[in-house]
$ cat target-v8.txt   # compact mmCIF, C-alpha atoms
# COMPACT_ATOMS: atom_id res chain seq x y z
CA GLU A 1198 -33.85 16.16 -15.10
CA LYS A 1199 -33.00 19.72 -16.07
CA VAL A 1200 -35.38 22.67 -16.11
CA GLY A 1201 -33.63 25.33 -18.11
CA THR A 1202 -29.97 25.08 -17.12
CA ARG A 1203 -30.52 23.85 -13.57
CA PRO A 1204 -30.69 20.15 -12.53
CA THR A 1205 -33.83 19.27 -10.61
CA ILE A 1206 -35.57 16.38 -8.83
CA GLN A 1207 -39.22 15.98 -9.76
CA PHE A 1208 -41.96 13.74 -8.39
CA PHE A 1209 -45.72 13.67 -7.81
CA GLU A 1210 -47.22 13.88 -4.33
CA ASN A 1211 -50.99 13.48 -3.97
CA GLY A 1212 -51.37 14.27 -7.65
CA LYS A 1213 -49.31 17.45 -7.40
CA ARG A 1214 -46.03 17.83 -9.23
CA ILE A 1215 -43.17 18.75 -6.89
CA ILE A 1216 -39.92 20.19 -8.24
CA TYR A 1217 -36.77 20.68 -6.17
CA GLU A 1218 -33.71 22.42 -7.55
CA VAL A 1219 -30.49 20.45 -6.93
CA PRO A 1220 -27.58 22.51 -5.53
CA ASP A 1221 -24.42 22.53 -7.64
CA TRP A 1222 -22.35 20.71 -5.01
CA MET A 1223 -24.90 17.89 -4.70
CA HIS A 1224 -25.13 17.48 -8.47
CA ARG A 1225 -21.33 17.37 -8.71
CA GLU A 1226 -20.94 14.80 -5.94
CA THR A 1227 -23.67 12.61 -7.44
CA ASP A 1228 -21.95 12.74 -10.79
CA TYR A 1229 -18.66 11.78 -9.11
CA MET A 1230 -20.33 8.82 -7.45
CA ILE A 1231 -21.86 7.57 -10.68
CA ARG A 1232 -18.62 8.02 -12.59
CA GLY A 1233 -16.75 6.22 -9.83
CA TRP A 1234 -18.77 3.07 -10.46
CA GLY A 1235 -18.30 3.37 -14.23
CA THR A 1236 -21.21 4.06 -16.52
CA ASP A 1237 -20.09 2.56 -19.82
CA PRO A 1238 -20.18 -1.21 -20.57
CA VAL A 1239 -16.38 -1.56 -20.56
CA SER A 1240 -16.02 0.12 -17.17
CA LYS A 1241 -18.81 -2.02 -15.72
CA LEU A 1242 -17.26 -5.23 -17.08
CA VAL A 1243 -13.74 -4.46 -15.88
CA GLY A 1244 -15.06 -3.16 -12.57
CA THR A 1245 -17.01 -6.37 -12.01
CA VAL A 1246 -13.96 -8.54 -12.75
CA ASN A 1247 -11.73 -6.41 -10.53
CA GLY A 1248 -14.42 -6.50 -7.86
CA ILE A 1249 -13.89 -10.25 -7.53
CA SER A 1250 -10.17 -9.75 -6.95
CA ARG A 1251 -10.83 -6.88 -4.57
CA ALA A 1252 -13.15 -9.04 -2.49
CA ALA A 1253 -10.61 -11.88 -2.45
CA PHE A 1254 -7.95 -9.52 -1.09
CA THR A 1255 -10.20 -7.81 1.46
CA THR A 1256 -13.80 -8.73 2.31
CA VAL A 1257 -13.50 -12.53 2.33
CA SER A 1258 -9.86 -12.68 3.47
CA PRO A 1259 -9.39 -13.24 7.21
CA VAL A 1260 -5.71 -12.30 6.84
CA PHE A 1261 -6.67 -8.80 5.76
CA ILE A 1262 -8.51 -7.95 9.00
CA PRO A 1263 -5.44 -7.64 11.29
CA VAL A 1264 -3.47 -5.93 8.52
CA ASN A 1265 -6.24 -3.39 8.01
CA ILE A 1266 -6.91 -2.60 11.66
CA THR A 1267 -3.22 -2.23 12.56
CA ALA A 1268 -2.79 0.19 9.66
CA ASP A 1269 -5.88 2.11 10.82
CA ILE A 1270 -4.55 2.21 14.39
CA LEU A 1271 -1.30 3.74 13.15
CA THR A 1272 -3.19 6.22 10.98
CA ALA A 1273 -5.56 7.21 13.80
CA TYR A 1274 -2.61 8.02 16.05
CA ALA A 1275 -0.74 9.94 13.36
CA THR A 1276 -3.72 12.05 12.27
CA ARG A 1277 -5.53 12.75 15.56
CA GLY A 1278 -3.41 11.28 18.37
CA LEU A 1279 -5.83 8.45 19.11
CA LEU A 1280 -3.90 5.95 21.23
CA PRO A 1281 -4.07 2.26 20.26
CA HIS A 1282 -5.63 1.11 23.53
CA ARG A 1283 -8.75 3.21 22.83
CA THR A 1284 -9.32 1.41 19.54
CA ALA A 1285 -8.70 -1.97 21.18
CA ALA A 1286 -11.16 -1.20 23.99
CA ARG A 1287 -13.81 0.02 21.54
CA LEU A 1288 -13.42 -3.09 19.39
CA LEU A 1289 -13.82 -5.33 22.43
CA LYS A 1290 -16.96 -3.50 23.53
CA SER A 1291 -18.37 -3.65 20.01
CA VAL A 1292 -18.04 -7.43 20.06
CA ILE A 1293 -19.46 -7.86 23.56
CA PHE A 1294 -22.35 -5.41 23.14
CA ILE A 1295 -22.95 -5.83 19.42
CA LYS A 1296 -26.71 -6.18 19.85
CA ASN A 1297 -27.04 -2.98 21.87
CA ASP A 1298 -23.92 -0.84 21.48
CA ALA A 1299 -25.12 2.71 22.16
CA VAL A 1300 -21.86 4.33 21.02
CA ALA A 1301 -21.81 2.46 17.70
CA ILE A 1302 -25.48 3.21 17.06
CA ALA A 1303 -25.13 6.91 17.92
CA HIS A 1304 -22.03 7.14 15.72
CA LYS A 1305 -23.84 5.59 12.78
CA MET A 1306 -27.01 7.63 13.22
CA ALA A 1307 -24.93 10.82 13.40
CA GLY A 1308 -23.50 10.02 9.97
CA GLY A 1309 -20.13 8.55 10.92
CA HIS A 1310 -20.53 5.05 9.52
CA GLN A 1311 -18.57 4.51 6.32
CA ALA A 1312 -17.64 0.95 5.39
CA ARG A 1313 -15.24 0.51 2.51
CA PHE A 1314 -14.11 -3.10 2.69
CA TYR A 1315 -16.93 -4.55 4.79
CA GLY A 1316 -20.66 -4.19 5.33
CA LYS A 1317 -23.65 -4.28 3.03
CA ASP A 1318 -25.63 -1.38 1.61
CA GLY A 1319 -28.76 -3.42 0.86
CA ARG A 1320 -32.20 -1.85 1.03
CA SER A 1321 -33.02 1.44 2.65
CA LEU A 1322 -33.98 1.41 6.32
CA GLY A 1323 -37.61 2.09 5.43
CA GLN A 1324 -37.88 -0.86 3.09
CA SER A 1325 -36.04 -3.15 5.49
CA VAL A 1326 -38.74 -2.66 8.14
CA GLY A 1327 -41.69 -2.79 5.77
CA ILE A 1328 -42.30 0.86 4.89
CA MET A 1329 -43.16 1.11 1.21
CA PRO A 1330 -44.06 3.97 -1.15
CA GLY A 1331 -47.72 4.98 -1.04
CA MET A 1332 -48.34 3.98 2.60
CA SER A 1333 -50.41 6.40 4.69
CA ASP A 1334 -49.03 8.08 7.79
CA ASP A 1335 -51.14 5.82 10.01
CA ALA A 1336 -49.91 2.68 8.24
CA ILE A 1337 -46.29 3.82 8.57
CA GLN A 1338 -46.73 4.52 12.29
CA LYS A 1339 -48.32 1.10 12.90
CA THR A 1340 -45.47 -0.60 11.04
CA LEU A 1341 -42.86 1.27 13.07
CA ASP A 1342 -44.61 0.45 16.36
CA LYS A 1343 -44.87 -3.21 15.43
CA LYS A 1344 -41.35 -3.79 14.12
CA LEU A 1345 -39.22 -1.17 15.85
CA GLY A 1346 -40.95 -0.54 19.14
CA ASN A 1347 -38.37 -0.16 21.94
CA LYS A 1348 -35.55 -1.35 19.69
CA PHE A 1349 -32.35 0.16 18.41
CA ILE A 1350 -31.36 0.11 14.74
CA TYR A 1351 -28.04 -1.29 13.54
CA ASN A 1352 -27.02 -2.14 9.97
CA ASN A 1353 -30.52 -1.28 8.73
CA LYS A 1354 -32.04 -3.93 11.01
CA PRO A 1355 -33.91 -3.76 14.32
CA ILE A 1356 -31.88 -5.15 17.19
CA GLY A 1357 -33.76 -7.41 19.53
CA LYS A 1358 -32.47 -10.18 21.76
CA THR A 1359 -30.56 -11.97 19.02
CA SER A 1360 -27.10 -13.02 20.18
CA PHE A 1361 -23.91 -12.25 18.34
CA LEU A 1362 -23.37 -15.85 17.26
CA SER A 1363 -26.87 -16.14 15.83
CA LYS A 1364 -26.11 -13.20 13.52
CA VAL A 1365 -23.28 -15.18 11.98
CA LYS A 1366 -24.67 -17.83 9.64
CA ASN A 1367 -21.55 -18.92 7.78
CA ALA A 1368 -17.82 -18.33 7.54
CA THR A 1369 -18.18 -15.44 5.09
CA ASN A 1370 -20.54 -13.61 7.43
CA VAL A 1371 -18.11 -14.14 10.30
CA ILE A 1372 -15.31 -12.50 8.33
CA ASP A 1373 -17.54 -9.70 7.12
CA THR A 1374 -18.88 -8.95 10.60
CA ALA A 1375 -15.45 -9.08 12.24
CA GLY A 1376 -13.97 -6.94 9.49
CA GLU A 1377 -16.67 -4.31 9.77
CA LEU A 1378 -16.31 -4.10 13.56
CA ALA A 1379 -12.55 -3.70 13.17
CA GLU A 1380 -12.92 -1.10 10.44
CA GLN A 1381 -15.30 1.02 12.52
CA ALA A 1382 -13.48 0.68 15.86
CA PRO A 1383 -10.99 3.58 15.45
CA ARG A 1384 -13.71 5.97 14.28
CA GLN A 1385 -16.06 5.00 17.08
CA ALA A 1386 -13.23 5.35 19.60
CA PHE A 1387 -12.51 8.86 18.33
CA PHE A 1388 -16.24 9.66 18.40
CA LYS A 1389 -16.47 8.60 22.04
CA ARG A 1390 -13.27 10.37 23.09
CA GLU A 1391 -14.38 13.68 21.63
CA LEU A 1392 -17.93 13.45 23.00
CA ASP A 1393 -16.49 12.57 26.42
CA LYS A 1394 -14.77 15.97 26.32
CA VAL A 1395 -17.93 17.83 25.32
CA LEU A 1396 -20.72 15.97 27.13
CA GLY A 1397 -18.79 14.27 29.91
CA LYS A 1398 -18.09 10.58 30.40
CA GLY A 1399 -21.14 8.36 30.49
CA TRP A 1400 -23.09 10.37 27.90
CA GLU A 1401 -24.14 7.14 26.20
CA LYS A 1402 -26.14 6.28 29.34
CA LYS A 1403 -27.72 9.73 29.77
CA TRP A 1404 -29.12 10.11 26.26
CA THR A 1405 -30.48 7.75 23.65
CA PRO A 1406 -28.57 7.29 20.37
CA GLU A 1407 -31.33 9.22 18.61
CA GLN A 1408 -30.88 12.18 20.96
CA ILE A 1409 -27.11 12.11 20.53
CA ALA A 1410 -27.39 11.91 16.74
CA ALA A 1411 -29.62 15.00 16.72
CA MET A 1412 -26.94 17.11 18.44
CA PRO A 1413 -24.92 19.31 16.03
CA VAL A 1414 -21.73 18.64 17.98
CA ALA A 1415 -22.20 14.89 17.57
CA ARG A 1416 -22.74 15.25 13.84
CA LYS A 1417 -19.61 17.38 13.56
CA ILE A 1418 -17.52 14.84 15.44
CA ALA A 1419 -19.01 11.98 13.40
CA ALA A 1420 -17.99 13.79 10.21
CA GLU A 1421 -14.48 14.29 11.61
CA SER A 1422 -14.27 10.59 12.49
CA ILE A 1423 -14.62 9.69 8.81
CA GLU A 1424 -11.44 11.69 8.13
CA LEU A 1425 -9.64 9.93 11.00
CA THR A 1426 -8.36 7.14 8.80
CA LEU A 1427 -9.12 7.07 5.09
CA ASN A 1428 -12.21 8.74 3.68
CA PHE A 1429 -13.06 6.49 0.74
CA ALA A 1430 -15.75 8.87 -0.48
CA ARG A 1431 -13.19 11.51 -1.37
CA GLY A 1432 -11.49 11.58 -4.73
CA GLY A 1433 -11.22 13.58 -7.90
CA TYR A 1434 -13.23 13.17 -11.07
CA LEU A 1435 -10.39 11.64 -13.11
CA ILE A 1436 -9.32 9.10 -10.47
CA LYS A 1437 -12.89 7.96 -9.83
CA SER A 1438 -13.39 7.50 -13.56
CA VAL A 1439 -10.30 5.28 -13.79
CA ASN A 1440 -10.98 3.52 -10.48
CA PRO A 1441 -12.92 0.56 -12.00
CA PHE A 1442 -9.84 -0.36 -14.07
CA VAL A 1443 -7.25 -0.33 -11.27
CA ILE A 1444 -7.82 -2.11 -7.96
CA PHE A 1445 -7.65 0.27 -4.98
CA LEU A 1446 -6.65 3.22 -7.17
CA ASN A 1447 -8.79 5.82 -5.41
CA ALA A 1448 -7.97 4.42 -1.95
CA SER A 1449 -4.23 4.56 -2.68
CA MET A 1450 -4.39 8.07 -4.07
CA GLU A 1451 -6.33 9.31 -1.05
CA GLY A 1452 -3.85 7.54 1.22
CA MET A 1453 -0.98 9.46 -0.35
CA LYS A 1454 -2.77 12.74 0.48
CA LEU A 1455 -3.59 11.77 4.06
CA PRO A 1456 -0.29 12.90 5.70
CA MET A 1457 -0.50 16.28 3.94
CA ARG A 1458 -4.08 16.79 5.07
CA ALA A 1459 -3.22 15.79 8.63
CA PHE A 1460 -0.36 18.32 8.67
CA ARG A 1461 -2.60 21.04 7.22
CA ASN A 1462 -5.27 20.45 9.88
CA ASP A 1463 -2.88 20.31 12.84
CA PRO A 1464 0.71 21.28 11.92
CA ALA A 1465 2.14 21.31 15.44
CA GLY A 1466 0.37 18.21 16.74
CA PHE A 1467 1.03 16.18 13.61
CA SER A 1468 4.73 17.13 13.61
CA ILE A 1469 5.13 16.12 17.24
CA ARG A 1470 3.42 12.78 16.68
CA MET A 1471 5.51 12.02 13.60
CA LEU A 1472 8.71 12.92 15.44
CA GLY A 1473 7.66 10.49 18.14
CA LEU A 1474 6.99 7.72 15.60
CA VAL A 1475 10.27 8.35 13.77
CA GLY A 1476 12.14 8.43 17.09
CA GLY A 1477 10.61 5.11 18.06
CA GLN A 1478 11.50 3.68 14.65
CA ILE A 1479 15.14 4.76 15.10
CA GLY A 1480 15.39 2.94 18.43
CA LEU A 1481 13.69 -0.15 17.03
CA ASN A 1482 15.99 -0.15 14.01
CA MET A 1483 19.05 0.00 16.25
CA TYR A 1484 17.78 -3.08 18.06
CA ASN A 1485 16.86 -4.94 14.88
CA MET A 1486 20.20 -4.23 13.24
CA SER A 1487 22.00 -5.86 16.13
CA TYR A 1488 20.96 -9.14 14.47
CA PRO A 1489 23.25 -9.94 11.50
CA GLU A 1490 20.41 -11.82 9.81
CA TYR A 1491 18.25 -8.66 9.83
CA PHE A 1492 19.44 -7.77 6.34
CA SER A 1493 18.10 -11.07 5.05
CA VAL A 1494 14.58 -9.89 5.82
CA PRO A 1495 12.81 -8.91 2.55
CA LEU A 1496 13.16 -5.23 1.74
CA GLU A 1497 9.39 -4.69 1.61
CA ASP A 1498 9.09 -5.98 5.19
CA ARG A 1499 11.99 -3.91 6.52
CA THR A 1500 10.74 -0.65 5.03
CA GLY A 1501 7.00 -1.26 4.66
CA SER A 1502 6.31 -2.87 8.04
CA ILE A 1503 7.22 -2.32 11.68
CA ILE A 1504 9.01 -5.49 12.73
CA ILE A 1505 10.77 -6.79 15.82
CA MET A 1506 13.63 -9.23 15.41
CA LEU A 1507 13.66 -12.37 17.57
CA PRO A 1508 16.44 -14.89 18.24
CA HIS A 1509 16.81 -17.22 15.27
CA LYS A 1510 15.52 -20.78 15.41
CA GLU A 1511 16.88 -22.18 12.16
CA LYS A 1512 19.90 -21.93 9.89
CA ASP A 1513 20.11 -22.14 6.12
CA ILE A 1514 22.21 -24.68 4.18
CA THR A 1515 25.30 -22.48 4.54
CA GLY A 1516 24.95 -22.35 8.31
CA ARG A 1517 23.80 -18.73 8.44
CA PRO A 1518 20.90 -17.90 10.80
CA LYS A 1519 17.51 -17.47 9.17
CA PRO A 1520 15.75 -14.23 10.20
CA ASN A 1521 13.04 -14.67 12.79
CA TYR A 1522 10.76 -11.71 13.39
CA VAL A 1523 7.22 -10.57 14.07
CA SER A 1524 5.35 -7.74 12.33
CA LEU A 1525 3.67 -5.39 14.77
CA PHE A 1526 2.27 -3.39 11.85
CA PRO A 1527 2.34 -5.56 8.71
CA ALA A 1528 1.61 -2.64 6.38
CA THR A 1529 2.47 0.98 7.21
CA ARG A 1530 1.01 2.09 3.86
CA GLU A 1531 1.26 5.87 3.41
CA TRP A 1532 3.32 6.21 6.59
CA MET A 1533 6.06 4.26 4.84
CA MET A 1534 7.17 7.65 3.51
CA PHE A 1535 8.32 8.50 7.03
CA MET A 1536 9.01 5.17 8.70
CA GLY A 1537 10.50 3.45 5.64
CA THR A 1538 12.70 6.41 4.78
CA THR A 1539 14.08 6.43 8.32
CA THR A 1540 14.87 2.73 8.07
CA HIS A 1541 16.54 3.12 4.67
CA ILE A 1542 18.78 5.97 5.85
CA MET A 1543 19.90 3.95 8.87
CA GLU A 1544 20.53 0.89 6.73
CA GLN A 1545 22.75 2.93 4.45
CA MET A 1546 24.86 3.77 7.47
CA LYS A 1547 25.57 0.05 7.83
CA SER A 1548 27.90 -1.49 5.29
CA ASP A 1549 25.93 -4.72 5.45
CA SER A 1550 23.00 -3.18 3.54
CA PRO A 1551 23.11 -4.24 -0.11
CA GLU A 1552 20.19 -2.12 -1.38
CA GLY A 1553 20.71 1.28 -2.92
CA PHE A 1554 18.30 4.20 -2.97
CA ALA A 1555 16.80 3.07 -6.29
CA ASP A 1556 15.79 -0.27 -4.77
CA PHE A 1557 14.27 1.46 -1.77
CA ALA A 1558 12.41 4.00 -3.92
CA TRP A 1559 10.98 1.17 -6.02
CA ALA A 1560 9.84 -0.72 -2.92
CA MET A 1561 8.26 2.43 -1.45
CA ALA A 1562 6.45 3.20 -4.71
CA GLU A 1563 5.01 -0.31 -4.68
CA GLY A 1564 3.93 0.12 -1.07
CA ILE A 1565 2.11 3.46 -1.30
CA THR A 1566 0.87 3.72 -4.90
CA PRO A 1567 -1.40 1.49 -6.99
CA PHE A 1568 0.39 2.02 -10.28
CA PHE A 1569 2.26 -1.30 -10.15
CA ASP A 1570 -1.10 -3.10 -10.27
CA LEU A 1571 -2.08 -1.73 -13.66
CA PRO A 1572 -3.48 -4.47 -15.93

$ encode --input "target-v8.txt" --output "structure tokens"
Amino acid sequence: EKVGTRPTIQFFENGKRIIYEVPDWMHRETDYMIRGWGTDPVSKLVGTVNGISRAAFTTVSPVFIPVNITADILTAYATRGLLPHRTAARLLKSVIFIKNDAVAIAHKMAGGHQARFYGKDGRSLGQSVGIMPGMSDDAIQKTLDKKLGNKFIYNNKPIGKTSFLSKVKNATNVIDTAGELAEQAPRQAFFKRELDKVLGKGWEKKWTPEQIAAMPVARKIAAESIELTLNFARGGYLIKSVNPFVIFLNASMEGMKLPMRAFRNDPAGFSIRMLGLVGGQIGLNMYNMSYPEYFSVPLEDRTGSIIIMLPHKEKDITGRPKPNYVSLFPATREWMMFMGTTTHIMEQMKSDSPEGFADFAWAMAEGITPFFDLP
């Protein structure tokens, strides 16, 4: 509600009217969020229909989990130099200690938890433990003591002695839980690495998650961890308004900006890491191209994935070997601009490559932009 020209939040407390003026930035971000979901009937209808397809491709698809985490691992290294083994170790610990993972809880309480493809928003933490509007301070304290005494909070629920398997009630929950753990692993690994530098190793045993979350340095690192991979909350007014109509539009647009932001934040470090990735891609391409059947691999896999050729096992009807390969990184996404371009240039140096630049540019546009998915 507006008072004069300023937006405000108004409510009654103990019969007294309370008015808070909303800062311009908060009003703008709230408007962005509302527009992003679509406010008119057409946007809501199309967004709902596209939401079904989006869930089929991501949340309920077990195939998407390894694709997503390998892409995040590559992104985490490119943007902040987070080595893959740190993410793998954090993911393993998240699975083993899911009911009492101090690092994950501290990271979430410090504001670093952002789930795009997995996780549930649900009710607020207060409602989930029985705190309702109008309760007295004494009633709230009794409720907290009864339901949350000596317990950590994770996913808006108190964590007791429930095992990991008991949290998983059906196949959909298994996928959702595994996907959320995988999605958070790089950010939690970065959170731990940076706090290890500031507080020393073993900080998660010296302080409670609540104490860690209250530290300004932890909140700063948690905020930085959101930018480690892809910050789905970012996006311009126009793109968020169109987002309900095009699946993954805002995510794809933010992905295209990610390399530029990483370079802006750390020009020297980012350049060194990208040179290392491109150098590794050159060596891998030289190996892959030693197989004549390499050029029979689909163009989108050669330029949009990081593959390793293996000895062939079958031949086609003409007697030519069928390509046999594994994808280390099934989707390089925005990093296709660097890795895919390197591969294309090297392929053009081989007379066996039938694709021209136009074919490669088309394949790259399909890989890093959402515009080919327009309805």

$ closest_residue --input "target-v8.txt" --among "A:Thr1227, A:Asn1485, A:Thr1267, A:Thr1276" --to "A:Arg1470" --atoms "only C-alpha atoms"
A:Thr1276

$ atom_distance --input "target-v8.txt" --atom1 "atom CA of A:Ile1514" --atom2 "atom CA of A:Lys1547"
25.2 Å

$ atom_distance --input "target-v8.txt" --atom1 "atom CA of A:Arg1499" --atom2 "atom CA of A:Asn1482"
9.3 Å

$ closest_residue --input "target-v8.txt" --among "A:Gly1397, A:Gln1408, A:Ala1268, A:Arg1390" --to "A:Leu1525" --atoms "all atoms listed in the file"
A:Ala1268

$ closest_residue --input "target-v8.txt" --among "A:Gln1207, A:Thr1500, A:Ser1422, A:Thr1538" --to "A:Phe1388" --atoms "all atoms listed in the file"
A:Ser1422

$ closest_residue --input "target-v8.txt" --among "A:Arg1203, A:Lys1213, A:His1310, A:Arg1384" --to "A:Ile1266" --atoms "all atoms listed in the file"
A:Arg1384

$ axis_aligned_box --input "target-v8.txt" --around "stretch 1202-1208 of chain A" --padding-each-side "6 Å" --output "lines of an AutoDock Vina configuration file"
center_x = -36.0
center_y = 19.4
center_z = -12.8
size_x = 24.0
size_y = 23.3
size_z = 20.7

$ atom_distance --input "target-v8.txt" --atom1 "atom CA of A:Gly1433" --atom2 "atom CA of A:Ile1206"
24.5 Å
